[in-house]
$ cat query-v8.pdb   # PDB, C-alpha atoms and all ligand atoms
ATOM      1  CA  MET A   1      -5.654 -14.326  -6.997  1.00  0.00           C
ATOM      2  CA  LEU A   2      -5.745 -10.665  -7.987  1.00  0.00           C
ATOM      3  CA  THR A   3      -3.031  -9.009 -10.055  1.00  0.00           C
ATOM      4  CA  GLY A   4      -2.240  -5.327 -10.422  1.00  0.00           C
ATOM      5  CA  SER A   5       0.667  -3.375 -11.804  1.00  0.00           C
ATOM      6  CA  CYS A   6       2.120   0.095 -11.956  1.00  0.00           C
ATOM      7  CA  HIS A   7       1.335   2.171 -15.055  1.00  0.00           C
ATOM      8  CA  CYS A   8       4.327   0.988 -17.101  1.00  0.00           C
ATOM      9  CA  GLY A   9       4.109  -2.637 -15.920  1.00  0.00           C
ATOM     10  CA  ALA A  10       7.607  -2.891 -14.438  1.00  0.00           C
ATOM     11  CA  VAL A  11       6.194  -3.637 -10.968  1.00  0.00           C
ATOM     12  CA  ARG A  12       3.562  -6.388 -10.691  1.00  0.00           C
ATOM     13  CA  ILE A  13       1.594  -7.041  -7.514  1.00  0.00           C
ATOM     14  CA  GLN A  14      -0.332 -10.218  -6.730  1.00  0.00           C
ATOM     15  CA  VAL A  15      -2.515 -10.809  -3.690  1.00  0.00           C
ATOM     16  CA  THR A  16      -4.307 -13.984  -2.673  1.00  0.00           C
ATOM     17  CA  ARG A  17      -7.715 -12.363  -2.166  1.00  0.00           C
ATOM     18  CA  LYS A  18      -9.650  -9.133  -2.392  1.00  0.00           C
ATOM     19  CA  PRO A  19      -9.145  -6.858   0.620  1.00  0.00           C
ATOM     20  CA  ARG A  20     -12.055  -6.692   3.079  1.00  0.00           C
ATOM     21  CA  ARG A  21     -11.755  -2.945   3.076  1.00  0.00           C
ATOM     22  CA  LEU A  22      -9.571  -0.202   1.675  1.00  0.00           C
ATOM     23  CA  THR A  23      -8.109   2.637   3.702  1.00  0.00           C
ATOM     24  CA  SER A  24      -7.750   6.225   2.619  1.00  0.00           C
ATOM     25  CA  CYS A  25      -5.296   7.893   5.001  1.00  0.00           C
ATOM     26  CA  ASN A  26      -4.652  11.587   5.581  1.00  0.00           C
ATOM     27  CA  CYS A  27      -1.102  11.329   6.935  1.00  0.00           C
ATOM     28  CA  SER A  28       1.555  13.602   5.473  1.00  0.00           C
ATOM     29  CA  ILE A  29       2.521  11.204   2.693  1.00  0.00           C
ATOM     30  CA  CYS A  30      -0.738   9.398   1.902  1.00  0.00           C
ATOM     31  CA  ARG A  31      -2.614  12.659   1.444  1.00  0.00           C
ATOM     32  CA  ARG A  32      -0.073  13.598  -1.222  1.00  0.00           C
ATOM     33  CA  HIS A  33      -0.029  10.420  -3.319  1.00  0.00           C
ATOM     34  CA  GLY A  34      -3.677   9.469  -2.717  1.00  0.00           C
ATOM     35  CA  GLY A  35      -3.262   5.712  -2.421  1.00  0.00           C
ATOM     36  CA  LEU A  36      -5.984   3.318  -1.297  1.00  0.00           C
ATOM     37  CA  TRP A  37      -4.474   0.717   0.986  1.00  0.00           C
ATOM     38  CA  GLY A  38      -5.317  -2.915   1.443  1.00  0.00           C
ATOM     39  CA  TYR A  39      -3.407  -4.589   4.266  1.00  0.00           C
ATOM     40  CA  TYR A  40      -1.937  -8.079   4.130  1.00  0.00           C
ATOM     41  CA  GLU A  41       0.526 -10.400   5.752  1.00  0.00           C
ATOM     42  CA  PRO A  42       3.646 -10.174   3.564  1.00  0.00           C
ATOM     43  CA  SER A  43       3.358 -13.921   2.812  1.00  0.00           C
ATOM     44  CA  LYS A  44       0.061 -13.216   0.994  1.00  0.00           C
ATOM     45  CA  VAL A  45       1.612 -10.702  -1.422  1.00  0.00           C
ATOM     46  CA  THR A  46       3.970 -11.265  -4.342  1.00  0.00           C
ATOM     47  CA  ILE A  47       5.832  -8.308  -5.796  1.00  0.00           C
ATOM     48  CA  THR A  48       7.513  -9.016  -9.124  1.00  0.00           C
ATOM     49  CA  ALA A  49      10.031  -6.450 -10.349  1.00  0.00           C
ATOM     50  CA  ARG A  50      13.680  -5.965 -11.067  1.00  0.00           C
ATOM     51  CA  ARG A  51      15.372  -4.614  -7.949  1.00  0.00           C
ATOM     52  CA  ALA A  52      16.441  -1.448  -9.782  1.00  0.00           C
ATOM     53  CA  ASP A  53      12.846  -0.756 -10.810  1.00  0.00           C
ATOM     54  CA  ILE A  54      11.650  -0.138  -7.251  1.00  0.00           C
ATOM     55  CA  ASP A  55      12.513   3.119  -5.493  1.00  0.00           C
ATOM     56  CA  ARG A  56      11.810   3.275  -1.785  1.00  0.00           C
ATOM     57  CA  TYR A  57      11.387   6.026   0.740  1.00  0.00           C
ATOM     58  CA  ALA A  58      11.341   6.084   4.534  1.00  0.00           C
ATOM     59  CA  TRP A  59      10.685   9.022   6.827  1.00  0.00           C
ATOM     60  CA  GLY A  60      10.070   9.820  10.494  1.00  0.00           C
ATOM     61  CA  ASP A  61      10.749   6.769  12.662  1.00  0.00           C
ATOM     62  CA  LYS A  62      11.590   4.796   9.481  1.00  0.00           C
ATOM     63  CA  ARG A  63       9.413   1.828  10.388  1.00  0.00           C
ATOM     64  CA  LEU A  64       8.284   1.301   6.831  1.00  0.00           C
ATOM     65  CA  TRP A  65       9.427   1.649   3.279  1.00  0.00           C
ATOM     66  CA  LEU A  66       7.096   3.307   0.817  1.00  0.00           C
ATOM     67  CA  CYS A  67       7.808   1.705  -2.570  1.00  0.00           C
ATOM     68  CA  ARG A  68       7.178   3.107  -6.022  1.00  0.00           C
ATOM     69  CA  CYS A  69       8.079   2.227  -9.574  1.00  0.00           C
ATOM     70  CA  ALA A  70      11.386   3.844 -10.517  1.00  0.00           C
ATOM     71  CA  ILE A  71      10.203   4.221 -14.125  1.00  0.00           C
ATOM     72  CA  CYS A  72       6.625   5.523 -14.013  1.00  0.00           C
ATOM     73  CA  GLY A  73       6.505   6.713 -10.391  1.00  0.00           C
ATOM     74  CA  CYS A  74       3.324   4.919  -9.264  1.00  0.00           C
ATOM     75  CA  VAL A  75       3.261   4.148  -5.535  1.00  0.00           C
ATOM     76  CA  THR A  76       2.714   0.383  -5.400  1.00  0.00           C
ATOM     77  CA  HIS A  77       3.091  -0.772  -1.790  1.00  0.00           C
ATOM     78  CA  TRP A  78       4.691  -0.258   1.569  1.00  0.00           C
ATOM     79  CA  ARG A  79       6.498  -2.858   3.549  1.00  0.00           C
ATOM     80  CA  PRO A  80       7.903  -2.991   7.084  1.00  0.00           C
ATOM     81  CA  ALA A  81      11.540  -2.104   7.608  1.00  0.00           C
ATOM     82  CA  ARG A  82      11.753  -4.765  10.355  1.00  0.00           C
ATOM     83  CA  ARG A  83      10.842  -8.384   9.951  1.00  0.00           C
ATOM     84  CA  SER A  84       8.974  -8.403  13.266  1.00  0.00           C
ATOM     85  CA  MET A  85       6.094  -6.465  11.699  1.00  0.00           C
ATOM     86  CA  ASN A  86       3.892  -8.965   9.890  1.00  0.00           C
ATOM     87  CA  ARG A  87       1.890  -6.499   7.825  1.00  0.00           C
ATOM     88  CA  MET A  88       2.268  -4.609   4.581  1.00  0.00           C
ATOM     89  CA  GLY A  89       0.132  -2.309   2.473  1.00  0.00           C
ATOM     90  CA  VAL A  90      -0.853  -2.686  -1.176  1.00  0.00           C
ATOM     91  CA  ASN A  91      -2.045   0.335  -3.144  1.00  0.00           C
ATOM     92  CA  PHE A  92      -5.211  -0.767  -4.943  1.00  0.00           C
ATOM     93  CA  ARG A  93      -5.066   2.220  -7.267  1.00  0.00           C
ATOM     94  CA  ASN A  94      -2.843  -0.117  -9.312  1.00  0.00           C
ATOM     95  CA  PHE A  95      -5.588  -2.746  -9.726  1.00  0.00           C
ATOM     96  CA  ASP A  96      -8.661  -2.938 -11.903  1.00  0.00           C
ATOM     97  CA  PRO A  97     -11.059  -0.149 -10.828  1.00  0.00           C
ATOM     98  CA  SER A  98     -13.787  -2.748 -10.178  1.00  0.00           C
ATOM     99  CA  VAL A  99     -11.947  -3.755  -6.990  1.00  0.00           C
ATOM    100  CA  ILE A 100     -12.238  -0.219  -5.613  1.00  0.00           C
ATOM    101  CA  GLU A 101     -15.835   0.091  -6.783  1.00  0.00           C
ATOM    102  CA  THR A 102     -16.902  -3.032  -4.886  1.00  0.00           C
ATOM    103  CA  THR A 103     -14.907  -2.583  -1.668  1.00  0.00           C
ATOM    104  CA  ARG A 104     -15.748  -0.431   1.320  1.00  0.00           C
ATOM    105  CA  ILE A 105     -13.383   2.521   1.728  1.00  0.00           C
ATOM    106  CA  ARG A 106     -12.676   3.866   5.206  1.00  0.00           C
ATOM    107  CA  ARG A 107     -11.078   7.195   5.995  1.00  0.00           C
ATOM    108  CA  LEU A 108      -8.258   6.916   8.527  1.00  0.00           C
ATOM    109  CA  ASP A 109      -6.976   9.917  10.465  1.00  0.00           C
ATOM    110  CA  GLY A 110      -3.334   8.840  10.199  1.00  0.00           C
ATOM    111  CA  ALA A 111      -2.280  12.469  10.610  1.00  0.00           C
ATOM    112  CA  LYS A 112      -3.494  12.817  14.225  1.00  0.00           C
ATOM    113  CA  THR A 113      -5.609  10.278  16.092  1.00  0.00           C
ATOM    114  CA  TRP A 114      -5.159   7.006  14.144  1.00  0.00           C
ATOM    115  CA  LYS A 115      -8.941   6.581  14.356  1.00  0.00           C
ATOM    116  CA  PHE A 116     -11.400   6.237  11.525  1.00  0.00           C
ATOM    117  CA  LEU A 117     -13.208   9.444  10.580  1.00  0.00           C
ATOM    118  CA  ASP A 118     -16.309   7.712   9.164  1.00  0.00           C
TER     119      ASP A 118
HETATM  120 ZN    ZN A 201       6.071   1.538 -13.613  1.00  0.00          ZN
END

$ encode --input "query-v8.pdb" --output "structure tokens" --more "lines below"
Ligand SMILES: [Zn+2]
Amino acid sequence: MLTGSCHCGAVRIQVTRKPRRLTSCNCSICRRHGGLWGYYEPSKVTITARRADIDRYAWGDKRLWLCRCAICGCVTHWRPARRSMNRMGVNFRNFDPSVIETTRIRRLDGAKTWKFLD
């Protein structure tokens, strides 16, 4: 079990295991907030927060919600807007830096081709 949290601690994130890789994406939103994504089935992730402490944002085709702490502003995760999508993203910038240091990071061209650039 790995636990991370936003800067102020209002949003806690637990995952069952380390991600096999992290993804750095250059799409219009990821390139702005600079998150490093680990992907999981939603059943493998526990988000603990008061409902009012999570702000969410959707854009474009509104297939996912980008979630951030309403107090300190850290982007913590994204989750699908529809239940049929069995995948969510966890921003490992909110975890101990040793996780990032020991995990391969791949650069995804989410802006154009949806292929890896490395
Ligand atoms: Zn916070």

$ atom_distance --input "query-v8.pdb" --atom1 "atom CA of A:Leu64" --atom2 "atom CA of A:Arg82"
7.8 Å

$ residues_near_ligand --input "query-v8.pdb" --ligand "ligand ZN 201 (chain A)" --cutoff "12 Å" --atoms "only C-alpha atoms and all ligand atoms" --output "list of chain:residue names"
A:Gly4, A:Ser5, A:Cys6, A:His7, A:Cys8, A:Gly9, A:Ala10, A:Val11, A:Arg12, A:Ile13, A:Thr48, A:Ala49, A:Arg50, A:Ala52, A:Asp53, A:Ile54, A:Asp55, A:Cys67, A:Arg68, A:Cys69, A:Ala70, A:Ile71, A:Cys72, A:Gly73, A:Cys74, A:Val75, A:Thr76, A:Asn94

$ resolve_selection --input "query-v8.pdb" --expression "the PyMOL selection byres (((chain A and resi 21) around 8) and not hetatm)" --output "list of chain:residue names"
A:Pro19, A:Arg20, A:Leu22, A:Thr23, A:Gly38, A:Thr103, A:Arg104, A:Ile105, A:Arg106

$ atom_distance --input "query-v8.pdb" --atom1 "atom CA of A:Lys44" --atom2 "atom CA of A:Met1"
9.9 Å

$ atom_distance --input "query-v8.pdb" --atom1 "atom CA of A:Asp109" --atom2 "atom CA of A:Thr3"
28.2 Å

$ resolve_selection --input "query-v8.pdb" --expression "the PyMOL selection byres (((chain A and resi 16) around 7) and not hetatm)" --output "list in words"
Met1, Leu2, Gln14, Val15, Arg17, Lys44 and Val45 of chain A

$ write_last_selection --input "query-v8.pdb" --atoms "C-alpha atoms" --output "mmCIF file, in the frame of the given file"
data_model
loop_
_atom_site.group_PDB
_atom_site.id
_atom_site.type_symbol
_atom_site.label_atom_id
_atom_site.label_comp_id
_atom_site.auth_asym_id
_atom_site.auth_seq_id
_atom_site.Cartn_x
_atom_site.Cartn_y
_atom_site.Cartn_z
ATOM 1 C CA MET A 1 -5.654 -14.326 -6.997
ATOM 2 C CA LEU A 2 -5.745 -10.665 -7.987
ATOM 3 C CA GLN A 14 -0.332 -10.218 -6.730
ATOM 4 C CA VAL A 15 -2.515 -10.809 -3.690
ATOM 5 C CA ARG A 17 -7.715 -12.363 -2.166
ATOM 6 C CA LYS A 44 0.061 -13.216 0.994
ATOM 7 C CA VAL A 45 1.612 -10.702 -1.422
#

$ axis_aligned_box --input "query-v8.pdb" --around "stretch 6-13 of chain A" --padding-each-side "5 Å" --output "AutoDock Vina command-line options"
--center_x 4.5 --center_y -2.4 --center_z -12.3 --size_x 16.3 --size_y 19.2 --size_z 19.6

$ residues_around --input "query-v8.pdb" --residues "A:Ser28" --least-positions-apart "2" --cutoff "12 Å" --atoms "all atoms listed in the file" --output "JSON, numbers by chain"
{"A": [25, 26, 30, 31, 32, 33, 34, 59, 60, 109, 110, 111, 112]}

$ closest_residue --input "query-v8.pdb" --among "A:Trp114, A:Trp78, A:Tyr57, A:Trp65" --to "A:Phe92" --atoms "all atoms listed in the file"
A:Trp78

$ resolve_selection --input "query-v8.pdb" --expression "the PyMOL selection byres (((chain A and resi 88) around 7) and not hetatm)" --output "mmCIF file with C-alpha atoms, keeping the file's coordinate frame"
data_model
loop_
_atom_site.group_PDB
_atom_site.id
_atom_site.type_symbol
_atom_site.label_atom_id
_atom_site.label_comp_id
_atom_site.auth_asym_id
_atom_site.auth_seq_id
_atom_site.Cartn_x
_atom_site.Cartn_y
_atom_site.Cartn_z
ATOM 1 C CA TYR A 39 -3.407 -4.589 4.266
ATOM 2 C CA TYR A 40 -1.937 -8.079 4.130
ATOM 3 C CA GLU A 41 0.526 -10.400 5.752
ATOM 4 C CA PRO A 42 3.646 -10.174 3.564
ATOM 5 C CA TRP A 78 4.691 -0.258 1.569
ATOM 6 C CA ARG A 79 6.498 -2.858 3.549
ATOM 7 C CA PRO A 80 7.903 -2.991 7.084
ATOM 8 C CA ARG A 87 1.890 -6.499 7.825
ATOM 9 C CA GLY A 89 0.132 -2.309 2.473
ATOM 10 C CA VAL A 90 -0.853 -2.686 -1.176
#

$ closest_residue --input "query-v8.pdb" --among "A:Trp37, A:Cys27, A:Lys18, A:Ser98" --to "A:Thr113" --atoms "only C-alpha atoms"
A:Cys27
